[in-house]
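Just below is one structure, and these are the notes that go with it.
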Amino acid sequence: MLKKELLDILCCPKCHGDLNYDTEKNTLTCKKCGKVYEVKDDIPIMLIDDDEDSRTT
C-alpha cells in the first residue's frame, strides 16, 4: 500500500492531474485524463507510452 505522503505529492505525468488510488486493483487513475498506472511492489509505474500520441495522428 502506498503511503499518504507519497500520494499527496504524486500527479499524472501526462497531464499533471490528481490521482485516485485503488487499493484493491493496486492502480493509480488520473482524475483529469483517465490514464491508469500500475503499482507493483508499492512502486508506482508512471511511464507514458511514446506511441500513444503517434497513434492518434
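Just so we're on the same page: first chain in the C-alpha cells is A, next is B, and so on; residues restart at 1 for each chain, and ligands are numbered from 1 in the order they show up.
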Can you tell me, as a PDB file with N, CA and C atoms, in the first residue's frame, which residues in chain A count as strand (DSSP E or B) by DSSP?
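What landed in part.pdb:
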```pdb
ATOM      1  N   LEU A  19      -4.505  12.155  -8.806  1.00  0.00           N
ATOM      2  CA  LEU A  19      -4.654  10.712  -8.967  1.00  0.00           C
ATOM      3  C   LEU A  19      -5.540  10.108  -7.891  1.00  0.00           C
ATOM      4  N   ASN A  20      -6.309   9.090  -8.274  1.00  0.00           N
ATOM      5  CA  ASN A  20      -7.074   8.267  -7.329  1.00  0.00           C
ATOM      6  C   ASN A  20      -6.344   6.945  -7.173  1.00  0.00           C
ATOM      7  N   TYR A  21      -6.183   6.499  -5.923  1.00  0.00           N
ATOM      8  CA  TYR A  21      -5.503   5.231  -5.653  1.00  0.00           C
ATOM      9  C   TYR A  21      -6.539   4.159  -5.347  1.00  0.00           C
ATOM     10  N   ASP A  22      -6.559   3.103  -6.157  1.00  0.00           N
ATOM     11  CA  ASP A  22      -7.449   1.966  -5.948  1.00  0.00           C
ATOM     12  C   ASP A  22      -6.641   0.867  -5.276  1.00  0.00           C
ATOM     13  N   THR A  27      -3.847   0.285  -8.466  1.00  0.00           N
ATOM     14  CA  THR A  27      -3.619   1.190  -9.580  1.00  0.00           C
ATOM     15  C   THR A  27      -3.835   2.638  -9.151  1.00  0.00           C
ATOM     16  N   LEU A  28      -3.254   3.531  -9.929  1.00  0.00           N
ATOM     17  CA  LEU A  28      -3.481   4.967  -9.793  1.00  0.00           C
ATOM     18  C   LEU A  28      -4.175   5.423 -11.063  1.00  0.00           C
ATOM     19  N   THR A  29      -5.280   6.155 -10.926  1.00  0.00           N
ATOM     20  CA  THR A  29      -6.025   6.633 -12.086  1.00  0.00           C
ATOM     21  C   THR A  29      -6.101   8.157 -12.030  1.00  0.00           C
ATOM     22  N   CYS A  30      -5.771   8.783 -13.153  1.00  0.00           N
ATOM     23  CA  CYS A  30      -5.820  10.234 -13.233  1.00  0.00           C
ATOM     24  C   CYS A  30      -7.267  10.697 -13.288  1.00  0.00           C
ATOM     25  N   VAL A  36      -4.448   5.175 -16.505  1.00  0.00           N
ATOM     26  CA  VAL A  36      -4.304   4.268 -15.364  1.00  0.00           C
ATOM     27  C   VAL A  36      -2.854   3.799 -15.291  1.00  0.00           C
ATOM     28  N   TYR A  37      -2.289   3.879 -14.088  1.00  0.00           N
ATOM     29  CA  TYR A  37      -0.909   3.463 -13.840  1.00  0.00           C
ATOM     30  C   TYR A  37      -0.907   2.325 -12.834  1.00  0.00           C
ATOM     31  N   GLU A  38      -0.117   1.288 -13.117  1.00  0.00           N
ATOM     32  CA  GLU A  38       0.013   0.156 -12.196  1.00  0.00           C
ATOM     33  C   GLU A  38       0.915   0.517 -11.023  1.00  0.00           C
ATOM     34  N   VAL A  39       0.693  -0.166  -9.907  1.00  0.00           N
ATOM     35  CA  VAL A  39       1.571  -0.067  -8.749  1.00  0.00           C
ATOM     36  C   VAL A  39       2.077  -1.487  -8.479  1.00  0.00           C
ATOM     37  N   LYS A  40       3.394  -1.681  -8.603  1.00  0.00           N
ATOM     38  CA  LYS A  40       3.996  -3.003  -8.392  1.00  0.00           C
ATOM     39  C   LYS A  40       4.964  -2.926  -7.228  1.00  0.00           C
ATOM     40  N   ILE A  43       5.525   0.405  -5.766  1.00  0.00           N
ATOM     41  CA  ILE A  43       6.201   1.379  -6.617  1.00  0.00           C
ATOM     42  C   ILE A  43       5.274   1.741  -7.774  1.00  0.00           C
ATOM     43  N   PRO A  44       4.871   3.018  -7.873  1.00  0.00           N
ATOM     44  CA  PRO A  44       4.022   3.428  -8.994  1.00  0.00           C
ATOM     45  C   PRO A  44       4.807   3.387 -10.309  1.00  0.00           C
ATOM     46  N   ILE A  45       4.251   2.719 -11.308  1.00  0.00           N
ATOM     47  CA  ILE A  45       4.869   2.638 -12.634  1.00  0.00           C
ATOM     48  C   ILE A  45       4.165   3.687 -13.493  1.00  0.00           C
TER      49      ILE A  45
END
```
**Study point:** For Cys33 in chain A: contacts at 10 Å, only C-alpha atoms, fewer than 4 positions along chain excluded, given as a ChimeraX atom specification
**Key:** /A:12,14-19,29
Among chain A, which ones does DSSP place in helix (DSSP H, G or I), written as a compact mmCIF listing (two decimals) with N, CA and C atoms, in the first residue's frame?
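Here's the written file selection.txt:
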```txt
# COMPACT_ATOMS: atom_id res chain seq x y z
N LYS A 4 0.38 7.80 2.41
CA LYS A 4 -0.38 9.02 2.14
C LYS A 4 0.54 10.16 1.72
N GLU A 5 1.71 10.25 2.30
CA GLU A 5 2.65 11.31 1.96
C GLU A 5 3.05 11.26 0.49
N LEU A 6 3.24 10.05 -0.02
CA LEU A 6 3.58 9.88 -1.44
C LEU A 6 2.39 10.23 -2.32
N LEU A 7 1.22 9.75 -1.96
CA LEU A 7 0.02 10.04 -2.74
C LEU A 7 -0.26 11.54 -2.81
N ASP A 8 0.08 12.25 -1.75
CA ASP A 8 -0.16 13.70 -1.72
C ASP A 8 0.68 14.47 -2.73
N ILE A 9 1.86 13.94 -3.08
CA ILE A 9 2.74 14.68 -3.99
C ILE A 9 2.72 14.15 -5.42
N ASP A 50 5.19 6.39 -25.47
CA ASP A 50 5.51 7.33 -26.55
C ASP A 50 4.65 7.10 -27.77
N ASP A 51 4.26 5.87 -28.03
CA ASP A 51 3.46 5.56 -29.20
C ASP A 51 2.02 6.01 -29.06
N GLU A 52 1.58 6.29 -27.85
CA GLU A 52 0.19 6.66 -27.60
C GLU A 52 -0.21 7.90 -28.39
N ASP A 53 0.64 8.93 -28.41
CA ASP A 53 0.33 10.15 -29.14
C ASP A 53 0.43 9.96 -30.64
N SER A 54 1.35 9.13 -31.09
CA SER A 54 1.52 8.95 -32.53
C SER A 54 0.40 8.13 -33.16
```
